[in-house]
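What's in input27.pdb: PDB, C-alpha atoms
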```
ATOM      1  CA  PRO A   1      -5.631  -7.868  12.137
ATOM      2  CA  SER A   2      -4.932  -4.168  12.420
ATOM      3  CA  LEU A   3      -1.448  -2.776  11.913
ATOM      4  CA  LEU A   4      -1.403  -1.572  15.511
ATOM      5  CA  THR A   5      -1.832  -5.200  16.599
ATOM      6  CA  LEU A   6       0.872  -6.275  14.173
ATOM      7  CA  SER A   7       3.177  -3.582  15.572
ATOM      8  CA  PHE A   8       2.987  -5.249  18.987
ATOM      9  CA  ASP A   9       3.864  -8.612  17.422
ATOM     10  CA  TRP A  10       6.776  -7.016  15.598
ATOM     11  CA  ARG A  11       8.035  -5.433  18.803
ATOM     12  CA  VAL A  12       7.888  -8.698  20.739
ATOM     13  CA  ARG A  13       9.637 -10.668  18.003
ATOM     14  CA  ARG A  14      12.336  -8.065  17.493
ATOM     15  CA  GLU A  15      13.014  -7.607  21.198
ATOM     16  CA  GLY A  16      13.219 -11.385  21.666
ATOM     17  CA  ARG A  17      15.638 -11.782  18.774
ATOM     18  CA  MET A  18      17.685  -8.788  19.871
ATOM     19  CA  GLY A  19      18.156 -10.445  23.239
ATOM     20  CA  ASP A  20      19.432 -13.617  21.581
ATOM     21  CA  GLN A  21      21.660 -11.803  19.132
ATOM     22  CA  GLU A  22      22.968  -9.008  21.334
ATOM     23  CA  MET A  23      26.349 -10.623  21.937
ATOM     24  CA  VAL A  24      26.612 -12.054  18.418
ATOM     25  CA  ASP A  25      25.848  -8.805  16.657
ATOM     26  CA  ALA A  26      27.974  -6.576  18.876
ATOM     27  CA  PRO A  27      30.838  -5.069  16.839
ATOM     28  CA  SER A  28      34.263  -6.311  17.742
ATOM     29  CA  GLU A  29      36.875  -3.956  19.097
ATOM     30  CA  GLY A  30      38.127  -1.603  16.413
ATOM     31  CA  GLU A  31      35.348  -2.580  14.017
ATOM     32  CA  LYS A  32      33.298   0.265  12.597
ATOM     33  CA  PRO A  33      29.538  -0.029  13.186
ATOM     34  CA  ALA A  34      27.289   0.001  10.143
ATOM     35  CA  THR A  35      26.179   3.462   9.090
ATOM     36  CA  LEU A  36      22.409   3.863   9.027
ATOM     37  CA  SER A  37      20.833   6.157   6.472
ATOM     38  CA  ARG A  38      17.297   7.445   6.063
ATOM     39  CA  GLY A  39      16.001   7.715   2.508
ATOM     40  CA  ASN A  40      13.908  10.478   0.997
ATOM     41  CA  SER A  41      11.510  10.865  -1.919
ATOM     42  CA  ASP A  42      14.455  11.146  -4.325
ATOM     43  CA  ALA A  43      16.015   7.878  -3.187
ATOM     44  CA  SER A  44      14.974   6.076  -6.372
ATOM     45  CA  ASP A  45      17.403   8.234  -8.377
ATOM     46  CA  ASP A  46      20.283   6.400  -6.707
ATOM     47  CA  ASP A  47      18.852   2.877  -6.922
ATOM     48  CA  ASP A  48      21.243   1.702  -9.616
ATOM     49  CA  ASP A  49      24.298   3.035  -7.790
ATOM     50  CA  GLU A  50      23.097   1.527  -4.520
ATOM     51  CA  ASP A  51      22.484  -1.836  -6.195
ATOM     52  CA  GLU A  52      26.053  -1.920  -7.468
ATOM     53  CA  GLY A  53      27.486  -0.958  -4.100
ATOM     54  CA  MET A  54      25.289  -3.309  -2.102
ATOM     55  CA  GLY A  55      25.941  -6.135  -4.528
ATOM     56  CA  MET A  56      29.481  -6.241  -3.137
ATOM     57  CA  MET A  57      28.048  -6.724   0.358
ATOM     58  CA  LEU A  58      25.798  -9.680  -0.474
ATOM     59  CA  THR A  59      28.040 -12.356   0.928
ATOM     60  CA  THR A  60      27.133 -15.046   3.399
ATOM     61  CA  GLU A  61      29.322 -13.424   6.034
ATOM     62  CA  GLY A  62      27.789  -9.964   5.524
ATOM     63  CA  ALA A  63      24.224 -11.248   5.574
ATOM     64  CA  GLY A  64      24.878 -13.302   8.680
ATOM     65  CA  SER A  65      26.294 -10.357  10.617
ATOM     66  CA  LEU A  66      23.060  -8.466   9.953
ATOM     67  CA  ASN A  67      20.935 -11.527  10.763
ATOM     68  CA  ILE A  68      19.299 -11.393   7.318
ATOM     69  CA  PRO A  69      18.637 -14.854   5.887
ATOM     70  CA  GLU A  70      19.046 -15.729   2.241
ATOM     71  CA  TRP A  71      15.826 -16.179   0.269
ATOM     72  CA  ASN A  72      14.867 -19.849   0.359
ATOM     73  CA  THR A  73      13.486 -21.082  -2.972
ATOM     74  CA  GLU A  74      11.724 -23.956  -1.207
ATOM     75  CA  GLU A  75       9.531 -21.673   0.902
ATOM     76  CA  PRO A  76       6.870 -19.179  -0.269
ATOM     77  CA  ILE A  77       8.466 -15.804  -0.895
ATOM     78  CA  GLU A  78       5.419 -14.095   0.659
ATOM     79  CA  ALA A  79       5.995 -15.717   4.054
ATOM     80  CA  GLN A  80       9.705 -14.891   3.962
ATOM     81  CA  MET A  81       8.962 -11.242   3.167
ATOM     82  CA  VAL A  82       6.516 -11.011   6.077
ATOM     83  CA  SER A  83       9.121 -12.494   8.414
ATOM     84  CA  LEU A  84      11.790 -10.031   7.275
ATOM     85  CA  CYS A  85       9.261  -7.218   7.570
ATOM     86  CA  TYR A  86       8.534  -8.179  11.192
ATOM     87  CA  ASP A  87      12.243  -8.100  11.929
ATOM     88  CA  GLN A  88      13.344  -4.987  10.057
ATOM     89  CA  VAL A  89      10.385  -2.593   9.623
ATOM     90  CA  ARG A  90       9.567  -0.441  12.621
ATOM     91  CA  VAL A  91       5.947   0.525  13.310
ATOM     92  CA  GLN A  92       5.244   3.648  15.315
ATOM     93  CA  THR A  93       1.827   4.872  16.389
ATOM     94  CA  CYS A  94       1.816   8.610  15.791
ATOM     95  CA  ASP A  95      -0.281  11.708  15.243
ATOM     96  CA  PHE A  96       0.948  12.018  11.665
ATOM     97  CA  LEU A  97      -0.200  15.615  11.100
ATOM     98  CA  SER A  98       1.982  16.651  14.044
ATOM     99  CA  GLU A  99       4.780  14.182  13.292
ATOM    100  CA  PHE A 100       5.240  15.244   9.658
ATOM    101  CA  GLY A 101       3.660  18.711   9.903
ATOM    102  CA  ALA A 102       0.106  19.641   8.923
ATOM    103  CA  ALA A 103       1.398  21.656   5.971
ATOM    104  CA  GLU A 104       3.232  18.646   4.503
ATOM    105  CA  GLN A 105       1.537  17.084   1.488
ATOM    106  CA  PHE A 106       0.847  13.361   1.276
ATOM    107  CA  LEU A 107      -0.793  10.922  -1.121
ATOM    108  CA  ILE A 108      -3.650   8.538  -0.322
ATOM    109  CA  ASP A 109      -3.860   5.147  -2.006
ATOM    110  CA  GLY A 110      -7.502   5.109  -3.115
ATOM    111  CA  GLU A 111      -7.397   1.355  -3.658
ATOM    112  CA  SER A 112      -6.627   0.717   0.007
ATOM    113  CA  MET A 113      -9.258   3.229   1.114
ATOM    114  CA  VAL A 114     -11.955   1.491  -0.945
ATOM    115  CA  ALA A 115     -10.931  -1.907   0.477
ATOM    116  CA  TRP A 116     -10.999  -0.423   3.989
ATOM    117  CA  ALA A 117     -14.511   0.977   3.478
ATOM    118  CA  LEU A 118     -15.742  -2.309   1.990
ATOM    119  CA  ASN A 119     -14.518  -4.113   5.109
ATOM    120  CA  ASN A 120     -16.585  -1.974   7.488
ATOM    121  CA  PRO A 121     -18.311  -4.461   9.842
ATOM    122  CA  LEU A 122     -21.556  -2.446   9.852
ATOM    123  CA  LEU A 123     -22.119  -2.845   6.105
ATOM    124  CA  ASP A 124     -24.500  -5.401   4.680
ATOM    125  CA  GLY A 125     -22.446  -7.251   2.081
ATOM    126  CA  VAL A 126     -24.949 -10.075   1.626
ATOM    127  CA  ASN A 127     -27.942  -8.409  -0.034
ATOM    128  CA  GLY A 128     -26.261  -6.574  -2.894
ATOM    129  CA  GLY A 129     -24.023  -4.296  -0.856
ATOM    130  CA  GLN A 130     -24.516  -0.699   0.295
ATOM    131  CA  THR A 131     -22.565   1.437  -2.155
ATOM    132  CA  LEU A 132     -24.077   4.703  -0.912
ATOM    133  CA  HIS A 133     -22.882   3.927   2.606
ATOM    134  CA  ILE A 134     -19.413   3.029   1.305
ATOM    135  CA  ALA A 135     -19.205   6.352  -0.533
ATOM    136  CA  HIS A 136     -20.254   8.092   2.697
ATOM    137  CA  ILE A 137     -17.523   6.314   4.690
ATOM    138  CA  ILE A 138     -14.846   7.460   2.228
ATOM    139  CA  GLU A 139     -16.215  11.003   1.904
ATOM    140  CA  SER A 140     -16.408  11.356   5.683
ATOM    141  CA  ALA A 141     -12.805  10.225   6.132
ATOM    142  CA  LEU A 142     -11.503  12.592   3.440
ATOM    143  CA  SER A 143     -13.611  15.471   4.792
ATOM    144  CA  SER A 144     -12.393  14.879   8.350
ATOM    145  CA  LEU A 145      -8.782  14.991   7.172
ATOM    146  CA  ARG A 146      -9.426  18.256   5.322
ATOM    147  CA  GLU A 147     -11.094  19.791   8.385
ATOM    148  CA  ARG A 148      -7.928  19.093  10.351
ATOM    149  CA  GLY A 149      -5.773  20.889   7.811
ATOM    150  CA  ALA A 150      -4.407  17.867   5.934
ATOM    151  CA  CYS A 151      -3.053  18.489   2.422
ATOM    152  CA  PHE A 152      -3.418  15.437   0.209
ATOM    153  CA  GLU A 153      -4.415  14.000  -3.146
ATOM    154  CA  ILE A 154      -5.709  10.520  -3.943
ATOM    155  CA  PHE A 155      -4.573   8.063  -6.612
ATOM    156  CA  PHE A 156      -5.662   4.794  -8.236
ATOM    157  CA  PHE A 157      -3.765   2.378 -10.495
ATOM    158  CA  GLU A 158      -5.468   1.075 -13.632
ATOM    159  CA  GLY A 159      -3.220  -1.982 -13.385
ATOM    160  CA  TYR A 160      -4.978  -3.084 -10.188
ATOM    161  CA  ALA A 161      -8.136  -4.030 -12.115
ATOM    162  CA  PRO A 162      -7.225  -7.768 -12.339
ATOM    163  CA  LEU A 163      -6.725  -7.888  -8.571
ATOM    164  CA  TRP A 164     -10.126  -6.331  -7.976
ATOM    165  CA  ARG A 165     -11.760  -8.950 -10.180
ATOM    166  CA  HIS A 166     -10.394 -11.545  -7.782
ATOM    167  CA  GLN A 167     -12.061  -9.664  -4.921
ATOM    168  CA  GLY A 168     -15.506 -10.309  -6.416
ATOM    169  CA  ASP A 169     -18.143  -8.489  -8.465
ATOM    170  CA  LEU A 170     -19.407  -6.318  -5.640
ATOM    171  CA  SER A 171     -15.942  -5.052  -4.700
ATOM    172  CA  CYS A 172     -15.058  -4.496  -8.339
ATOM    173  CA  MET A 173     -18.235  -2.501  -8.991
ATOM    174  CA  THR A 174     -17.853  -0.433  -5.813
ATOM    175  CA  ARG A 175     -14.320   0.578  -6.724
ATOM    176  CA  GLU A 176     -15.492   1.766 -10.168
ATOM    177  CA  LEU A 177     -18.371   3.701  -8.618
ATOM    178  CA  ILE A 178     -16.084   5.457  -6.111
ATOM    179  CA  ILE A 179     -13.624   6.459  -8.847
ATOM    180  CA  LYS A 180     -16.463   7.850 -10.982
ATOM    181  CA  HIS A 181     -17.961   9.615  -7.985
ATOM    182  CA  LEU A 182     -14.709  11.345  -7.013
ATOM    183  CA  SER A 183     -14.102  12.359 -10.641
ATOM    184  CA  LEU A 184     -17.625  13.803 -11.018
ATOM    185  CA  VAL A 185     -17.361  15.738  -7.743
ATOM    186  CA  ALA A 186     -14.079  17.282  -8.913
ATOM    187  CA  ALA A 187     -15.561  18.131 -12.338
ATOM    188  CA  GLN A 188     -18.588  19.768 -10.733
ATOM    189  CA  ALA A 189     -16.401  21.880  -8.456
ATOM    190  CA  LYS A 190     -14.383  23.018 -11.479
ATOM    191  CA  LEU A 191     -17.534  24.059 -13.369
ATOM    192  CA  GLU A 192     -18.834  25.969 -10.367
ATOM    193  CA  GLY A 193     -15.484  27.646  -9.787
ATOM    194  CA  SER A 194     -15.341  26.325  -6.222
ATOM    195  CA  PRO A 195     -12.299  24.767  -4.548
ATOM    196  CA  MET A 196     -11.709  21.170  -5.590
ATOM    197  CA  PRO A 197     -12.582  18.858  -2.650
ATOM    198  CA  VAL A 198      -9.836  16.369  -3.499
ATOM    199  CA  ARG A 199      -7.811  15.870  -6.648
ATOM    200  CA  THR A 200      -7.981  12.306  -7.962
ATOM    201  CA  HIS A 201      -5.308  10.711 -10.156
ATOM    202  CA  MET A 202      -6.105   7.646 -12.272
ATOM    203  CA  LEU A 203      -2.625   6.363 -13.079
ATOM    204  CA  PRO A 204      -2.086   4.110 -16.109
ATOM    205  CA  GLY A 205      -0.371   0.789 -15.544
ATOM    206  CA  GLY A 206       0.964  -0.068 -12.110
ATOM    207  CA  TRP A 207       3.926   0.679  -9.887
ATOM    208  CA  TRP A 208       5.418  -2.723 -10.812
ATOM    209  CA  MET A 209       5.146  -2.382 -14.617
ATOM    210  CA  ALA A 210       8.520  -1.776 -16.250
ATOM    211  CA  GLY A 211       8.280   1.049 -18.772
ATOM    212  CA  GLN A 212       4.792   2.088 -17.593
ATOM    213  CA  THR A 213       5.561   3.971 -14.399
ATOM    214  CA  ASP A 214       6.051   7.432 -15.886
ATOM    215  CA  ALA A 215       2.790   8.803 -14.457
ATOM    216  CA  TRP A 216       3.550   7.382 -11.000
ATOM    217  CA  ASP A 217       7.129   8.685 -11.096
ATOM    218  CA  MET A 218       5.963  12.118 -12.250
ATOM    219  CA  LEU A 219       3.335  12.311  -9.490
ATOM    220  CA  LEU A 220       5.923  11.549  -6.817
ATOM    221  CA  GLU A 221       8.397  14.015  -8.289
ATOM    222  CA  SER A 222       5.948  16.880  -8.806
ATOM    223  CA  TYR A 223       3.914  16.464  -5.627
ATOM    224  CA  GLY A 224       6.763  15.476  -3.304
ATOM    225  CA  PRO A 225       4.701  13.620  -0.673
ATOM    226  CA  ALA A 226       5.979  13.366   2.880
ATOM    227  CA  PHE A 227       4.427   9.902   3.105
ATOM    228  CA  ILE A 228       1.986   7.522   1.421
ATOM    229  CA  MET A 229      -1.244   6.530   3.156
ATOM    230  CA  THR A 230      -1.994   2.913   2.280
ATOM    231  CA  ASP A 231      -2.225  -0.474   4.017
ATOM    232  CA  TYR A 232       0.021  -3.491   4.448
ATOM    233  CA  GLY A 233      -2.313  -5.574   2.285
ATOM    234  CA  TRP A 234      -5.901  -4.674   1.408
ATOM    235  CA  CYS A 235      -8.438  -5.049   4.184
ATOM    236  CA  GLY A 236     -10.542  -8.116   3.522
ATOM    237  CA  SER A 237      -8.126  -9.663   1.032
ATOM    238  CA  GLU A 238      -7.893 -13.440   1.263
ATOM    239  CA  GLN A 239      -4.976 -14.771   3.285
ATOM    240  CA  GLY A 240      -2.216 -15.889   0.926
ATOM    241  CA  SER A 241      -3.911 -14.459  -2.168
ATOM    242  CA  ALA A 242      -2.193 -12.553  -4.955
ATOM    243  CA  SER A 243      -4.153  -9.435  -3.945
ATOM    244  CA  GLN A 244      -2.758  -9.550  -0.436
ATOM    245  CA  ALA A 245       0.806 -10.280  -1.581
ATOM    246  CA  ILE A 246       0.930  -7.526  -4.225
ATOM    247  CA  THR A 247      -0.639  -4.848  -2.027
ATOM    248  CA  ARG A 248       1.731  -5.738   0.813
ATOM    249  CA  ALA A 249       4.584  -5.450  -1.668
ATOM    250  CA  PHE A 250       3.498  -1.882  -2.468
ATOM    251  CA  VAL A 251       4.558  -0.888   1.056
ATOM    252  CA  HIS A 252       8.081  -2.182   0.376
ATOM    253  CA  HIS A 253       8.082  -0.373  -2.969
ATOM    254  CA  CYS A 254       7.289   2.892  -1.158
ATOM    255  CA  HIS A 255      10.008   2.171   1.392
ATOM    256  CA  GLY A 256      12.440   1.581  -1.462
ATOM    257  CA  ARG A 257      11.705   5.114  -2.607
ATOM    258  CA  GLY A 258      12.424   6.480   0.859
ATOM    259  CA  LEU A 259       8.775   7.105   1.762
ATOM    260  CA  ASN A 260       7.132   6.424   5.092
ATOM    261  CA  VAL A 261       3.817   4.575   4.994
ATOM    262  CA  VAL A 262       0.890   5.604   7.207
ATOM    263  CA  THR A 263      -1.894   3.040   7.437
ATOM    264  CA  VAL A 264      -5.518   3.587   6.417
ATOM    265  CA  ALA A 265      -6.953   0.727   8.482
ATOM    266  CA  ASP A 266      -5.705   2.173  11.788
ATOM    267  CA  LEU A 267      -6.811   5.757  11.098
ATOM    268  CA  ASN A 268      -8.378   7.322  14.193
ATOM    269  CA  MET A 269      -9.408  10.978  14.211
ATOM    270  CA  ASP A 270     -10.316  12.547  17.529
ATOM    271  CA  GLY A 271     -10.470  16.283  18.014
ATOM    272  CA  SER A 272      -7.476  17.790  16.257
ATOM    273  CA  HIS A 273      -5.536  14.521  16.337
ATOM    274  CA  CYS A 274      -5.055  12.142  13.408
ATOM    275  CA  VAL A 275      -3.498   8.963  14.765
ATOM    276  CA  SER A 276      -2.416   5.902  12.812
ATOM    277  CA  GLY A 277       0.457   3.480  12.348
ATOM    278  CA  ASN A 278       3.639   4.693  10.662
ATOM    279  CA  LEU A 279       5.663   1.983   8.906
ATOM    280  CA  MET A 280       9.175   3.366   8.635
ATOM    281  CA  PRO A 281      11.605   2.451   5.847
ATOM    282  CA  PRO A 282      14.424   0.125   6.941
ATOM    283  CA  ASP A 283      17.574   2.065   7.747
ATOM    284  CA  GLU A 284      19.984  -0.636   6.605
ATOM    285  CA  PRO A 285      20.748  -0.456   2.831
ATOM    286  CA  LEU A 286      21.230  -4.226   2.653
ATOM    287  CA  VAL A 287      17.701  -4.779   3.949
ATOM    288  CA  ARG A 288      16.263  -2.419   1.332
ATOM    289  CA  LEU A 289      18.186  -4.290  -1.348
ATOM    290  CA  ARG A 290      16.878  -7.632  -0.119
ATOM    291  CA  PHE A 291      13.307  -6.361  -0.327
ATOM    292  CA  ARG A 292      13.882  -5.164  -3.904
ATOM    293  CA  GLN A 293      15.151  -8.624  -4.797
ATOM    294  CA  ALA A 294      12.085 -10.183  -3.153
ATOM    295  CA  LEU A 295       9.775  -7.869  -5.114
ATOM    296  CA  ASP A 296      11.228  -9.199  -8.370
ATOM    297  CA  LEU A 297      10.597 -12.787  -7.255
ATOM    298  CA  LEU A 298       7.081 -11.989  -6.066
ATOM    299  CA  LEU A 299       6.053 -10.141  -9.231
ATOM    300  CA  GLU A 300       7.407 -12.965 -11.371
ATOM    301  CA  LYS A 301       5.359 -15.459  -9.365
ATOM    302  CA  HIS A 302       2.101 -13.499  -9.811
ATOM    303  CA  ALA A 303       2.746 -12.245 -13.347
ATOM    304  CA  SER A 304      -0.156 -14.217 -14.803
ATOM    305  CA  VAL A 305      -2.634 -12.598 -12.399
ATOM    306  CA  LEU A 306      -1.330  -9.072 -12.925
ATOM    307  CA  SER A 307      -1.350  -9.374 -16.714
ATOM    308  CA  ALA A 308      -4.799 -11.003 -16.962
ATOM    309  CA  GLN A 309      -6.680  -9.551 -19.922
ATOM    310  CA  GLU A 310     -10.349  -9.695 -19.070
ATOM    311  CA  ASN A 311     -13.261  -7.398 -19.843
ATOM    312  CA  ALA A 312     -13.094  -4.275 -17.745
ATOM    313  CA  PRO A 313     -15.906  -3.916 -15.183
ATOM    314  CA  SER A 314     -17.426  -1.034 -17.176
ATOM    315  CA  ASN A 315     -17.776  -3.335 -20.197
ATOM    316  CA  VAL A 316     -19.659  -6.113 -18.437
ATOM    317  CA  GLN A 317     -22.392  -7.541 -20.649
ATOM    318  CA  VAL A 318     -25.274  -9.627 -19.324
ATOM    319  CA  GLU A 319     -26.788 -12.067 -21.788
ATOM    320  CA  ALA A 320     -30.566 -12.134 -22.073
ATOM    321  CA  ASN A 321     -30.815 -15.755 -20.954
ATOM    322  CA  ALA A 322     -28.086 -15.586 -18.331
ATOM    323  CA  GLN A 323     -28.966 -16.948 -14.898
ATOM    324  CA  LEU A 324     -27.958 -14.461 -12.221
ATOM    325  CA  ASP A 325     -28.754 -14.384  -8.550
ATOM    326  CA  ALA A 326     -30.117 -11.250  -6.875
ATOM    327  CA  LYS A 327     -26.629 -10.003  -6.011
ATOM    328  CA  GLY A 328     -25.427 -10.456  -9.597
ATOM    329  CA  LEU A 329     -28.438  -8.561 -10.970
ATOM    330  CA  LEU A 330     -27.793  -5.644  -8.610
ATOM    331  CA  VAL A 331     -24.125  -5.529  -9.637
ATOM    332  CA  ALA A 332     -24.962  -5.550 -13.356
ATOM    333  CA  ALA A 333     -27.683  -2.901 -12.927
ATOM    334  CA  GLY A 334     -25.368  -0.678 -10.913
ATOM    335  CA  LEU A 335     -22.630  -0.904 -13.522
ATOM    336  CA  ARG A 336     -24.971  -0.060 -16.400
ATOM    337  CA  LYS A 337     -26.562   2.869 -14.604
ATOM    338  CA  ALA A 338     -23.399   4.394 -13.134
ATOM    339  CA  LEU A 339     -20.876   3.718 -15.908
TER     340      LEU A 339
END
```
Could you express the structure from this file as structure tokens?
Amino acid sequence: PSLLTLSFDWRVRREGRMGDQEMVDAPSEGEKPATLSRGNSDASDDDDDEDEGMGMMLTTEGAGSLNIPEWNTEEPIEAQMVSLCYDQVRVQTCDFLSEFGAAEQFLIDGESMVAWALNNPLLDGVNGGQTLHIAHIIESALSSLRERGACFEIFFFEGYAPLWRHQGDLSCMTRELIIKHLSLVAAQAKLEGSPMPVRTHMLPGGWWMAGQTDAWDMLLESYGPAFIMTDYGWCGSEQGSASQAITRAFVHHCHGRGLNVVTVADLNMDGSHCVSGNLMPPDEPLVRLRFRQALDLLLEKHASVLSAQENAPSNVQVEANAQLDAKGLLVAAGLRKAL
């Protein structure tokens, strides 16, 4: 379902719970209300200090007053994170170029954009796929944003390769082709001395990899994005899969760094307007801390998938006597020709 649909569900659930909790959560006479704070792109610098301070607040009484349940080890952490997200993350439909300012820079998660294009209902995904059409969908979206004055760059994580293998050969190949295509377009523009259409960053490792986030940290620090354009889970990812869980977790990672998240799947450009869903970071520090704790549990659960050491898509070898169907032959041929 789209994020705009989910935003309605979130609103209904939150309003219903607020009605039930209104009297319980009301501060008693003389009690100071909790101070709400909005993070910024430098919020990660204070993570350690915040962890120490919030650690003092993680008591049963404090959690209960905020209506934040403890993590239950007997239930899937993914479902608990979704439930807390429904309760604590606000979704606002907005014209983001007006909301944040057309001159404000932002970063686009290329992984989510590829998944979004692959999930286009008009594509034929049965007979080998339509990679040229997928490239056109992505180019058209990026070009339309540029025409409306948007300032952005696009990034990919090398560490996402194992997740793409779980999405299937066609998806894996298409992602590699799009990355190569964007890189070649940028190289051609540089040789011709023309303006670069869009700068593409291929970041080593992943946002979750301890000790391997220098490139990601440096990009955020040097570029200073107003928000990240990504999705709450890749479009087309299997319900309950590691791919869905990890890519949903990326939204909470961005929130932990004080960054708003604007969705790719709900992008609608009409005239001068660029409308989509804006997932806003939770204001309450305790909620942000709980999500960071959940990320640790989630990454530990899916560590084997994220660290899978398989042949990269560009190194796929097809044995002479291998039995492949028509789709497999097209995938192998596309990889050899393009990569």
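The residue that comes closest to Trp216 (chain A), out of A:Ala115, A:Leu295, A:Leu177, A:Leu203 and on the basis of only C-alpha atoms, is A:Leu203.
The spacing separating CA of Val114 (chain A) from CA of Ser143 (chain A) amounts to 15.2 Å.
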Which residues, written as a PDB file with C-alpha atoms, keeping the file's coordinate frame, have at least one atom at most 12 Å from His166 (chain A), with all atoms listed in the file counted and residues fewer than 4 positions away on the same chain left out?
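This is the output file out04.pdb:
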```
ATOM      1  CA  TYR A 160      -4.978  -3.084 -10.188  1.00  0.00           C
ATOM      2  CA  ALA A 161      -8.136  -4.030 -12.115  1.00  0.00           C
ATOM      3  CA  PRO A 162      -7.225  -7.768 -12.339  1.00  0.00           C
ATOM      4  CA  LEU A 170     -19.407  -6.318  -5.640  1.00  0.00           C
ATOM      5  CA  SER A 171     -15.942  -5.052  -4.700  1.00  0.00           C
ATOM      6  CA  CYS A 172     -15.058  -4.496  -8.339  1.00  0.00           C
ATOM      7  CA  GLY A 236     -10.542  -8.116   3.522  1.00  0.00           C
ATOM      8  CA  SER A 237      -8.126  -9.663   1.032  1.00  0.00           C
ATOM      9  CA  GLU A 238      -7.893 -13.440   1.263  1.00  0.00           C
ATOM     10  CA  SER A 241      -3.911 -14.459  -2.168  1.00  0.00           C
ATOM     11  CA  ALA A 242      -2.193 -12.553  -4.955  1.00  0.00           C
ATOM     12  CA  SER A 243      -4.153  -9.435  -3.945  1.00  0.00           C
ATOM     13  CA  GLN A 244      -2.758  -9.550  -0.436  1.00  0.00           C
ATOM     14  CA  VAL A 305      -2.634 -12.598 -12.399  1.00  0.00           C
ATOM     15  CA  LEU A 306      -1.330  -9.072 -12.925  1.00  0.00           C
ATOM     16  CA  ALA A 308      -4.799 -11.003 -16.962  1.00  0.00           C
ATOM     17  CA  GLU A 310     -10.349  -9.695 -19.070  1.00  0.00           C
ATOM     18  CA  PRO A 313     -15.906  -3.916 -15.183  1.00  0.00           C
TER      19      PRO A 313
END
```
Asn278 (chain A) surroundings by only C-alpha atoms, 9 Å radius, close-in-sequence under 5 positions cut, as a list of chain:residue names: A:Arg90, A:Val91, A:Gln92, A:Thr93, A:Cys94, A:Phe96, A:Asn260, A:Val261, A:Val262, A:Thr263
Output of the PyMOL selection byres ((chain A and resi 208) around 12), listed as a VMD selection string: chain A and resid 157 to 160 204 to 207 209 to 214 216 to 217 246 to 247 249 to 250 252 to 254 292 295 to 300 302 to 303 306 to 307
Nearest to Val82 (chain A) by atom-to-atom distance, counting all atoms listed in the file, from A:Ala226, A:Leu289, A:Val251, A:Met113: A:Val251
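With CA of Phe155 (chain A) on one side and CA of Gly271 (chain A) on the other, the separation reads 26.6 Å.
Among the candidate residues A:Leu184, A:Ala150, A:Ala117, A:Ile228, the one lying nearest to Ile137 (chain A) is A:Ala117, with distances computed using only C-alpha atoms.
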One-decimal distance in Å that lies between CA of Lys301 (chain A) and CA of Ala245 (chain A): 10.4 Å
For Gln167 (chain A), the nearest of the candidates A:Gln239, A:Gln130, A:Gln293, A:Gln80, counting only C-alpha atoms: A:Gln239
Contacts of region 104-110 of chain A within 8 Å, all atoms listed in the file, excl. fewer than 2 positions in-chain, as a PyMOL selection string: chain A and resi 100-102+112-114+150-156+223-230
Selection dump of the PyMOL selection byres ((chain A and resi 183) around 12), as number ranges by chain: A: 154-156, 176-182, 184-190, 196-202
Next, the residues of the selection above should be written as a JSON list (two decimals), keeping the file's coordinate frame with C-alpha atoms.
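Everything below was put into part_3.json:
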```json
[["chain", "number", "residue", "atom", "x", "y", "z"],
["A", 154, "ILE", "CA", -5.71, 10.52, -3.94],
["A", 155, "PHE", "CA", -4.57, 8.06, -6.61],
["A", 156, "PHE", "CA", -5.66, 4.79, -8.24],
["A", 176, "GLU", "CA", -15.49, 1.77, -10.17],
["A", 177, "LEU", "CA", -18.37, 3.70, -8.62],
["A", 178, "ILE", "CA", -16.08, 5.46, -6.11],
["A", 179, "ILE", "CA", -13.62, 6.46, -8.85],
["A", 180, "LYS", "CA", -16.46, 7.85, -10.98],
["A", 181, "HIS", "CA", -17.96, 9.62, -7.98],
["A", 182, "LEU", "CA", -14.71, 11.34, -7.01],
["A", 184, "LEU", "CA", -17.62, 13.80, -11.02],
["A", 185, "VAL", "CA", -17.36, 15.74, -7.74],
["A", 186, "ALA", "CA", -14.08, 17.28, -8.91],
["A", 187, "ALA", "CA", -15.56, 18.13, -12.34],
["A", 188, "GLN", "CA", -18.59, 19.77, -10.73],
["A", 189, "ALA", "CA", -16.40, 21.88, -8.46],
["A", 190, "LYS", "CA", -14.38, 23.02, -11.48],
["A", 196, "MET", "CA", -11.71, 21.17, -5.59],
["A", 197, "PRO", "CA", -12.58, 18.86, -2.65],
["A", 198, "VAL", "CA", -9.84, 16.37, -3.50],
["A", 199, "ARG", "CA", -7.81, 15.87, -6.65],
["A", 200, "THR", "CA", -7.98, 12.31, -7.96],
["A", 201, "HIS", "CA", -5.31, 10.71, -10.16],
["A", 202, "MET", "CA", -6.10, 7.65, -12.27]]
```
Axis-aligned box over every listed atom of region 201-210 of chain A, padded by 5 Å per side: centre and edges in Å to one decimal, as JSON?
```
{"center_x": 1.2, "center_y": 4.0, "center_z": -13.1, "size_x": 24.6, "size_y": 23.4, "size_z": 16.4}
```
Matched chain/residue IDs from the PyMOL selection byres ((chain A and resi 132) around 12), as a list in words: Ala117, Leu118, Leu123, Asp124, Gly128, Gly129, Gln130, Thr131, His133, Ile134, Ala135, His136, Ile137, Ile138, Glu139, Thr174, Leu177, Ile178, His181 and Gly334 of chain A
Residue contacts of Asn72 (chain A) (12 Å, only C-alpha atoms) excluding same-chain residues fewer than 5 positions away, as a PyMOL selection string: chain A and resi 77-81+294+297
